[in-house]
file target36.pdb (PDB, C-alpha atoms and all ligand atoms)
MODEL        1
ATOM      1  CA  MET A 180     -57.521 143.656 -45.489
ATOM      2  CA  ARG A 181     -54.058 144.613 -46.719
ATOM      3  CA  TRP A 182     -52.135 143.428 -49.746
ATOM      4  CA  TRP A 183     -50.229 140.811 -47.768
ATOM      5  CA  HIS A 184     -53.528 139.112 -46.918
ATOM      6  CA  ILE A 185     -54.262 138.420 -50.589
ATOM      7  CA  ALA A 186     -52.246 135.159 -50.791
ATOM      8  CA  PRO A 187     -53.920 133.484 -47.785
ATOM      9  CA  VAL A 188     -57.312 134.868 -48.832
ATOM     10  CA  LEU A 189     -56.810 133.377 -52.314
ATOM     11  CA  ALA A 190     -56.079 129.969 -50.800
ATOM     12  CA  LEU A 191     -59.385 130.135 -48.907
ATOM     13  CA  GLU A 192     -61.153 131.513 -51.964
ATOM     14  CA  LEU A 193     -60.131 128.490 -54.070
ATOM     15  CA  GLU A 194     -61.273 126.127 -51.326
ATOM     16  CA  LEU A 195     -64.600 127.834 -50.644
ATOM     17  CA  PHE A 196     -65.593 128.911 -54.162
ATOM     18  CA  PRO A 197     -64.058 126.171 -56.350
ATOM     19  CA  GLU A 198     -66.374 126.889 -59.294
ATOM     20  CA  ASP A 199     -65.966 130.644 -59.530
ATOM     21  CA  ALA A 200     -63.040 131.730 -57.378
ATOM     22  CA  TRP A 201     -61.845 135.304 -57.766
ATOM     23  CA  SER A 202     -58.321 135.772 -59.097
ATOM     24  CA  ALA A 203     -55.506 137.588 -57.317
ATOM     25  CA  GLY A 204     -56.019 140.432 -59.784
ATOM     26  CA  MET A 205     -59.619 140.850 -58.685
ATOM     27  CA  PHE A 206     -58.589 141.168 -55.042
ATOM     28  CA  TRP A 207     -55.850 143.626 -56.012
ATOM     29  CA  SER A 208     -58.331 145.756 -57.900
ATOM     30  CA  GLU A 209     -60.814 145.639 -55.020
ATOM     31  CA  LEU A 210     -58.126 146.690 -52.541
ATOM     32  CA  ALA A 211     -57.083 149.530 -54.850
ATOM     33  CA  GLU A 212     -60.497 151.055 -54.065
ATOM     34  CA  ALA A 213     -60.303 150.314 -50.335
ATOM     35  CA  HIS A 214     -58.608 153.567 -49.342
ATOM     36  CA  PRO A 215     -60.177 156.400 -47.339
ATOM     37  CA  GLY A 216     -62.762 157.908 -49.665
ATOM     38  CA  GLY A 217     -62.744 154.799 -51.894
ATOM     39  CA  THR A 218     -65.779 152.680 -52.751
ATOM     40  CA  ARG A 219     -64.634 149.474 -51.070
ATOM     41  CA  HIS A 220     -64.181 148.221 -47.518
ATOM     42  CA  TYR A 221     -62.509 144.864 -46.889
ATOM     43  CA  THR A 222     -61.956 143.106 -43.601
ATOM     44  CA  VAL A 223     -60.229 139.887 -42.551
ATOM     45  CA  ALA A 224     -60.542 137.590 -39.537
ATOM     46  CA  VAL A 225     -57.109 136.614 -38.241
ATOM     47  CA  THR A 226     -56.253 134.137 -35.465
ATOM     48  CA  PRO A 227     -53.816 135.165 -32.678
ATOM     49  CA  ASP A 228     -51.040 133.302 -34.517
ATOM     50  CA  GLY A 229     -51.682 135.282 -37.676
ATOM     51  CA  ALA A 230     -53.670 132.827 -39.819
ATOM     52  CA  VAL A 231     -56.333 134.392 -42.042
ATOM     53  CA  VAL A 232     -59.557 132.451 -41.445
ATOM     54  CA  GLY A 233     -62.191 134.720 -42.957
ATOM     55  CA  TYR A 234     -62.737 137.757 -45.131
ATOM     56  CA  ALA A 235     -65.518 140.002 -46.334
ATOM     57  CA  GLY A 236     -65.884 142.967 -48.646
ATOM     58  CA  LEU A 237     -68.312 145.830 -49.154
ATOM     59  CA  MET A 238     -68.903 148.120 -52.122
ATOM     60  CA  ALA A 239     -70.598 151.430 -51.325
ATOM     61  CA  VAL A 240     -71.507 153.692 -54.230
ATOM     62  CA  GLY A 241     -74.024 156.524 -54.277
ATOM     63  CA  GLY A 242     -75.783 155.500 -51.085
ATOM     64  CA  ASP A 243     -76.113 151.851 -52.113
ATOM     65  CA  GLY A 244     -74.178 149.093 -50.423
ATOM     66  CA  ASP A 245     -73.330 145.662 -51.841
ATOM     67  CA  VAL A 246     -71.812 142.703 -50.067
ATOM     68  CA  GLN A 247     -69.080 141.736 -52.536
ATOM     69  CA  THR A 248     -67.946 138.609 -50.752
ATOM     70  CA  ILE A 249     -67.966 136.887 -47.368
ATOM     71  CA  ALA A 250     -66.296 133.625 -46.446
ATOM     72  CA  VAL A 251     -64.986 131.719 -43.446
ATOM     73  CA  ASP A 252     -62.446 128.883 -43.385
ATOM     74  CA  GLY A 253     -64.380 125.595 -43.123
ATOM     75  CA  ARG A 254     -62.527 124.674 -39.919
ATOM     76  CA  HIS A 255     -63.758 127.876 -38.277
ATOM     77  CA  GLN A 256     -67.329 127.950 -39.534
ATOM     78  CA  GLY A 257     -70.128 127.838 -36.972
ATOM     79  CA  THR A 258     -68.199 129.838 -34.408
ATOM     80  CA  GLY A 259     -69.750 133.224 -35.111
ATOM     81  CA  LEU A 260     -67.060 134.541 -37.466
ATOM     82  CA  GLY A 261     -69.479 134.921 -40.369
ATOM     83  CA  ALA A 262     -71.769 137.003 -38.163
ATOM     84  CA  ALA A 263     -68.831 139.112 -36.968
ATOM     85  CA  LEU A 264     -67.682 139.798 -40.547
ATOM     86  CA  LEU A 265     -71.193 140.666 -41.678
ATOM     87  CA  THR A 266     -71.607 142.927 -38.650
ATOM     88  CA  ASP A 267     -68.507 144.805 -39.754
ATOM     89  CA  LEU A 268     -69.891 145.296 -43.277
ATOM     90  CA  VAL A 269     -73.331 146.386 -42.059
ATOM     91  CA  ARG A 270     -71.814 148.914 -39.673
ATOM     92  CA  GLU A 271     -69.500 150.273 -42.348
ATOM     93  CA  ALA A 272     -72.378 150.584 -44.843
ATOM     94  CA  ALA A 273     -74.408 152.487 -42.251
ATOM     95  CA  ARG A 274     -71.408 154.663 -41.402
ATOM     96  CA  ARG A 275     -71.088 155.562 -45.096
ATOM     97  CA  GLY A 276     -74.746 156.556 -45.215
ATOM     98  CA  CYS A 277     -75.998 153.673 -47.365
ATOM     99  CA  ALA A 278     -79.793 153.426 -47.421
ATOM    100  CA  ASP A 279     -79.686 149.715 -48.061
ATOM    101  CA  LEU A 280     -77.346 146.775 -48.415
ATOM    102  CA  LEU A 281     -77.789 144.250 -51.219
ATOM    103  CA  LEU A 282     -76.245 140.872 -51.874
ATOM    104  CA  GLU A 283     -76.525 137.880 -54.151
ATOM    105  CA  VAL A 284     -76.381 134.360 -52.793
ATOM    106  CA  ARG A 285     -76.694 131.014 -54.565
ATOM    107  CA  VAL A 286     -80.211 129.674 -54.223
ATOM    108  CA  ASP A 287     -78.738 126.413 -52.881
ATOM    109  CA  ASN A 288     -76.598 128.127 -50.216
ATOM    110  CA  THR A 289     -79.086 127.860 -47.380
ATOM    111  CA  ARG A 290     -76.486 128.304 -44.655
ATOM    112  CA  ALA A 291     -75.442 131.713 -45.918
ATOM    113  CA  GLN A 292     -79.087 132.645 -46.450
ATOM    114  CA  ARG A 293     -79.847 131.814 -42.803
ATOM    115  CA  LEU A 294     -77.035 134.110 -41.700
ATOM    116  CA  TYR A 295     -78.383 136.947 -43.848
ATOM    117  CA  GLU A 296     -81.955 136.383 -42.656
ATOM    118  CA  ARG A 297     -80.840 136.645 -39.061
ATOM    119  CA  PHE A 298     -79.527 140.103 -39.879
ATOM    120  CA  GLY A 299     -82.847 141.122 -41.404
ATOM    121  CA  PHE A 300     -82.011 140.684 -45.104
ATOM    122  CA  GLU A 301     -85.114 139.888 -47.139
ATOM    123  CA  PRO A 302     -85.394 138.238 -50.566
ATOM    124  CA  VAL A 303     -86.172 140.742 -53.300
ATOM    125  CA  GLY A 304     -85.526 138.819 -56.485
ATOM    126  CA  ILE A 305     -83.861 136.063 -58.444
ATOM    127  CA  ARG A 306     -81.101 136.475 -61.035
ATOM    128  CA  ARG A 307     -81.375 133.505 -63.357
ATOM    129  CA  GLY A 308     -78.150 131.653 -64.142
ATOM    130  CA  TYR A 309     -76.115 134.300 -62.306
ATOM    131  CA  TYR A 310     -73.372 131.953 -61.139
ATOM    132  CA  GLN A 311     -71.372 130.720 -64.096
ATOM    133  CA  PRO A 312     -70.248 128.307 -65.386
ATOM    134  CA  ALA A 313     -72.673 126.196 -63.332
ATOM    135  CA  GLY A 314     -75.668 128.358 -64.285
ATOM    136  CA  ILE A 315     -76.984 128.483 -60.715
ATOM    137  CA  ASP A 316     -79.566 131.163 -59.900
ATOM    138  CA  ALA A 317     -78.820 133.896 -57.381
ATOM    139  CA  LEU A 318     -81.234 135.003 -54.723
ATOM    140  CA  VAL A 319     -80.995 138.773 -54.301
ATOM    141  CA  MET A 320     -81.424 139.892 -50.706
ATOM    142  CA  ARG A 321     -81.780 143.397 -49.307
ATOM    143  CA  LEU A 322     -81.311 144.905 -45.876
ATOM    144  CA  ASP A 323     -83.058 148.220 -45.271
ATOM    145  CA  LEU A 324     -80.522 150.257 -43.322
ATOM    146  CA  ALA A 325     -82.889 153.204 -43.015
ATOM    147  CA  ALA A 326     -85.299 151.028 -41.038
ATOM    148  CA  GLY A 327     -83.249 151.128 -37.849
ATOM    149  CA  PRO A 328     -80.479 149.191 -36.142
ATOM    150  CA  ALA A 329     -79.590 146.190 -38.257
ATOM    151  CA  VAL A 330     -76.870 144.717 -36.092
ATOM    152  CA  PRO A 331     -77.896 143.302 -32.756
ATOM    153  CA  ALA A 332     -75.861 144.022 -29.643
ATOM    154  CA  GLY A 333     -72.880 141.726 -29.094
ATOM    155  CA  GLN A 334     -72.407 141.222 -32.844
ATOM    156  CA  VAL A 335     -74.377 137.980 -33.128
ATOM    157  CA  ALA A 336     -77.750 138.419 -34.765
ATOM    158  CA  PRO A 337     -80.948 137.165 -33.131
ATOM    159  CA  ALA A 338     -81.888 133.569 -33.775
ATOM    160  CA  ASP A 339     -85.594 134.208 -34.287
ATOM    161  CA  LEU A 340     -85.947 134.692 -38.006
ATOM    162  CA  ALA A 341     -88.747 136.613 -39.547
ATOM    163  CA  ALA A 342     -90.220 134.736 -42.507
ATOM    164  CA  PRO A 343     -89.813 136.562 -45.809
ATOM    165  CA  ALA A 344     -92.825 138.779 -46.380
ATOM    166  CA  ALA A 345     -93.163 137.944 -50.053
ATOM    167  CA  ALA A 346     -91.891 135.509 -52.635
ATOM    168  CA  PRO A 347     -88.832 136.706 -54.529
ATOM    169  CA  GLU A 348     -89.555 138.603 -57.661
ATOM    170  CA  ASP A 349     -87.908 137.286 -60.813
ATOM    171  CA  LEU A 350     -85.400 139.928 -61.895
ATOM    172  CA  ASP A 351     -84.754 137.950 -65.052
ATOM    173  CA  GLU A 352     -81.202 139.146 -65.539
ATOM    174  CA  PRO A 353     -79.305 137.542 -68.444
ATOM    175  CA  ALA A 354     -77.182 134.656 -67.233
ATOM    176  CA  ASP A 355     -73.855 136.063 -68.299
ATOM    177  CA  HIS A 356     -74.598 139.621 -67.298
ATOM    178  CA  PRO A 357     -73.795 140.545 -63.714
ATOM    179  CA  ARG A 358     -74.627 144.075 -62.664
ATOM    180  CA  PRO A 359     -72.397 146.494 -64.566
ATOM    181  CA  ASP A 360     -71.296 148.390 -61.459
ATOM    182  CA  VAL A 361     -69.704 145.241 -60.102
ATOM    183  CA  LYS A 362     -66.420 144.028 -61.461
ATOM    184  CA  LYS A 363     -66.641 141.447 -64.215
ATOM    185  CA  ASP A 364     -66.436 138.470 -61.863
ATOM    186  CA  THR A 365     -69.531 137.433 -59.977
ATOM    187  CA  PRO A 366     -69.796 138.706 -56.409
ATOM    188  CA  HIS A 367     -70.004 135.950 -53.837
ATOM    189  CA  GLY A 368     -71.942 137.689 -51.159
TER     190      GLY A 368
HETATM  191  C1  LIG B 401     -71.791 131.541 -44.969
HETATM  192  C2  LIG B 401     -70.586 131.604 -44.036
HETATM  193  C3  LIG B 401     -69.790 132.843 -44.332
HETATM  194  C4  LIG B 401     -71.085 131.654 -42.582
HETATM  195  O1  LIG B 401     -69.943 131.760 -41.760
HETATM  196  P1  LIG B 401     -69.906 131.141 -40.280
HETATM  197  O2  LIG B 401     -68.670 131.630 -39.637
HETATM  198  O3  LIG B 401     -70.123 129.691 -40.343
HETATM  199  O4  LIG B 401     -71.177 131.877 -39.660
HETATM  200  P2  LIG B 401     -71.604 131.884 -38.142
HETATM  201  O5  LIG B 401     -70.742 131.004 -37.322
HETATM  202  O6  LIG B 401     -71.701 133.299 -37.740
HETATM  203  O7  LIG B 401     -73.054 131.285 -38.225
HETATM  204  C5  LIG B 401     -73.234 130.034 -38.891
HETATM  205  C6  LIG B 401     -73.893 129.039 -37.966
HETATM  206  O8  LIG B 401     -73.121 128.798 -36.810
HETATM  207  C7  LIG B 401     -73.910 129.006 -35.640
HETATM  208  N1  LIG B 401     -73.050 129.567 -34.623
HETATM  209  C8  LIG B 401     -72.643 130.829 -34.520
HETATM  210  N2  LIG B 401     -71.852 130.961 -33.427
HETATM  211  C9  LIG B 401     -71.753 129.742 -32.879
HETATM  212  C10 LIG B 401     -71.060 129.222 -31.768
HETATM  213  N3  LIG B 401     -70.340 130.010 -30.965
HETATM  214  N4  LIG B 401     -71.151 127.903 -31.517
HETATM  215  C11 LIG B 401     -71.900 127.095 -32.312
HETATM  216  N5  LIG B 401     -72.570 127.543 -33.379
HETATM  217  C12 LIG B 401     -72.504 128.832 -33.660
HETATM  218  C13 LIG B 401     -74.951 129.969 -36.075
HETATM  219  O9  LIG B 401     -76.130 129.889 -35.274
HETATM  220  C14 LIG B 401     -75.217 129.485 -37.472
HETATM  221  O10 LIG B 401     -76.044 128.339 -37.427
HETATM  222  P3  LIG B 401     -76.913 127.883 -38.686
HETATM  223  O11 LIG B 401     -75.970 127.690 -39.860
HETATM  224  O12 LIG B 401     -77.558 126.628 -38.265
HETATM  225  O13 LIG B 401     -77.879 129.001 -38.957
HETATM  226  C15 LIG B 401     -69.724 130.325 -44.167
HETATM  227  O14 LIG B 401     -70.563 129.204 -44.049
HETATM  228  C16 LIG B 401     -68.929 130.242 -45.468
HETATM  229  O15 LIG B 401     -67.862 130.808 -45.582
HETATM  230  N6  LIG B 401     -69.438 129.485 -46.451
HETATM  231  C17 LIG B 401     -68.705 129.269 -47.713
HETATM  232  C18 LIG B 401     -68.600 130.537 -48.518
HETATM  233  C19 LIG B 401     -69.966 131.110 -48.763
HETATM  234  O16 LIG B 401     -70.901 130.419 -49.103
HETATM  235  N7  LIG B 401     -70.075 132.453 -48.595
HETATM  236  C20 LIG B 401     -71.315 133.175 -48.801
HETATM  237  C21 LIG B 401     -71.452 133.545 -50.236
HETATM  238  S1  LIG B 401     -72.982 134.409 -50.538
ENDMDL
END

call {"tool": "encode", "arguments": {"input": "target36.pdb", "output": "structure tokens", "more": "lines below"}}
Ligand SMILES: CC(C)(COP(=O)(O)OP(=O)(O)OC[C@H]1O[C@@H](n2cnc3c(N)ncnc32)[C@H](O)[C@@H]1OP(=O)(O)O)[C@@H](O)C(=O)NCCC(=O)NCCS
result
Amino acid sequence: MRWWHIAPVLALELELFPEDAWSAGMFWSELAEAHPGGTRHYTVAVTPDGAVVGYAGLMAVGGDGDVQTIAVDGRHQGTGLGAALLTDLVREAARRGCADLLLEVRVDNTRAQRLYERFGFEPVGIRRGYYQPAGIDALVMRLDLAAGPAVPAGQVAPADLAAPAAAPEDLDEPADHPRPDVKKDTPHG
């Protein structure tokens, strides 16, 4: 993602995350860290005529990876773009030597959860009231990158989902207190 993608990404952001959309400033500050040697990696999906129809971002710090955000234009969902964007993040996290990849997802966002499960992410906890102002809980999911290849051949993850091994543990994080290593706004992914 480059700076000129921020305007079209923001338009999608407002559409897809109406309750807690990131501001332009947040994307600018993320991109400021997306240089070689920086802690961020952002990617966009662009149609042949130049329209931005998806975006995703990774934070990698000290061997830990976090999916900062992932989103696909509603008119292009269900075509494999989400899987392609997530594949890019997983590969980049592995390339940077991350041992695992974490993300938060709204407990009511079952579609995104299915995508993550197909990639082998497993629930590891709940952050109560993580998404503000609605006060929706976040499911924390983790992909063990040390366990072997996480991204199936051909980019699209296998359809046969493994059931989560255990019920999510309650992390009991204060509602208005996202992880301090993440910028003040709530990560979407
Ligand atoms: C979650 C999200 C990123 C997934 O993106 P996507 O592009 O729809 O993802 P994919 O197309 O790779 O997979 C989604 C579904 O399409 C299906 N699919 C993938 N390729 C397909 C194809 N070629 N033809 C038909 N269906 C296809 C997948 O099997 C999957 O089905 P399922 O939802 O029943 O499990 C997207 O729904 C989104 O942007 N949601 C709003 C923002 C959001 O919630 N982001 C996540 C925050 S944690």

call {"tool": "resolve_selection", "arguments": {"input": "target36.pdb", "expression": "the PyMOL selection byres (((not hetatm)) within 8 of (chain B and resi 401))", "output": "ChimeraX atom specification"}}
result
/A:195-196,233,248-253,255-263,282-285,288,290-294,335,338,366-368

call {"tool": "resolve_selection", "arguments": {"input": "target36.pdb", "expression": "the PyMOL selection byres (((chain A and resi 277) around 9) and not hetatm)", "output": "PyMOL selection string"}}
result
chain A and resi 239-244+271-276+278-280+324-325

call {"tool": "atom_distance", "arguments": {"input": "target36.pdb", "atom1": "atom CA of Pro187 of chain A", "atom2": "atom CA of Pro312 of chain A"}}
result
24.6 Å

call {"tool": "residues_around", "arguments": {"input": "target36.pdb", "residues": "Leu281 of chain A", "least_positions_apart": "6", "cutoff": "8 Å", "atoms": "all atoms listed in the file", "output": "CSV table (one decimal) with C-alpha atoms, in the frame of the given file"}}
result
chain,number,residue,atom,x,y,z
A,243,ASP,CA,-76.1,151.9,-52.1
A,244,GLY,CA,-74.2,149.1,-50.4
A,245,ASP,CA,-73.3,145.7,-51.8
A,246,VAL,CA,-71.8,142.7,-50.1
A,319,VAL,CA,-81.0,138.8,-54.3
A,320,MET,CA,-81.4,139.9,-50.7
A,321,ARG,CA,-81.8,143.4,-49.3
A,322,LEU,CA,-81.3,144.9,-45.9

call {"tool": "atom_distance", "arguments": {"input": "target36.pdb", "atom1": "atom CA of Asp323 of chain A", "atom2": "atom CA of Arg297 of chain A"}}
result
13.3 Å

call {"tool": "closest_residue", "arguments": {"input": "target36.pdb", "among": "A:Leu210, A:Val225, A:Met180, A:Ile315", "to": "Met238 of chain A", "atoms": "only C-alpha atoms"}}
result
A:Leu210

call {"tool": "resolve_selection", "arguments": {"input": "target36.pdb", "expression": "the PyMOL selection byres (((chain A and resi 219) around 8) and not hetatm)", "output": "PDB file with C-alpha atoms, in the coordinates of the input"}}
result
ATOM      1  CA  GLU A 209     -60.814 145.639 -55.020  1.00  0.00           C
ATOM      2  CA  LEU A 210     -58.126 146.690 -52.541  1.00  0.00           C
ATOM      3  CA  GLU A 212     -60.497 151.055 -54.065  1.00  0.00           C
ATOM      4  CA  ALA A 213     -60.303 150.314 -50.335  1.00  0.00           C
ATOM      5  CA  HIS A 214     -58.608 153.567 -49.342  1.00  0.00           C
ATOM      6  CA  GLY A 217     -62.744 154.799 -51.894  1.00  0.00           C
ATOM      7  CA  THR A 218     -65.779 152.680 -52.751  1.00  0.00           C
ATOM      8  CA  HIS A 220     -64.181 148.221 -47.518  1.00  0.00           C
ATOM      9  CA  TYR A 221     -62.509 144.864 -46.889  1.00  0.00           C
ATOM     10  CA  GLY A 236     -65.884 142.967 -48.646  1.00  0.00           C
ATOM     11  CA  LEU A 237     -68.312 145.830 -49.154  1.00  0.00           C
ATOM     12  CA  MET A 238     -68.903 148.120 -52.122  1.00  0.00           C
ATOM     13  CA  ALA A 239     -70.598 151.430 -51.325  1.00  0.00           C
TER      14      ALA A 239
END

call {"tool": "atom_distance", "arguments": {"input": "target36.pdb", "atom1": "atom CA of Pro302 of chain A", "atom2": "atom CA of Leu268 of chain A"}}
result
18.5 Å

call {"tool": "closest_residue", "arguments": {"input": "target36.pdb", "among": "A:Asp199, A:Ile185, A:Thr222, A:Val303", "to": "Thr266 of chain A", "atoms": "all atoms listed in the file"}}
result
A:Thr222

call {"tool": "residues_around", "arguments": {"input": "target36.pdb", "residues": "Val223 of chain A", "least_positions_apart": "6", "cutoff": "8 Å", "atoms": "only C-alpha atoms", "output": "short mmCIF file (atom, residue, chain, number, x, y, z; two decimals) with C-alpha atoms, in the frame of the given file"}}
result
data_model
loop_
_atom_site.label_atom_id
_atom_site.label_comp_id
_atom_site.auth_asym_id
_atom_site.auth_seq_id
_atom_site.Cartn_x
_atom_site.Cartn_y
_atom_site.Cartn_z
CA MET A 180 -57.52 143.66 -45.49
CA VAL A 231 -56.33 134.39 -42.04
CA VAL A 232 -59.56 132.45 -41.44
CA GLY A 233 -62.19 134.72 -42.96
CA TYR A 234 -62.74 137.76 -45.13
CA ALA A 235 -65.52 140.00 -46.33
CA LEU A 264 -67.68 139.80 -40.55
#
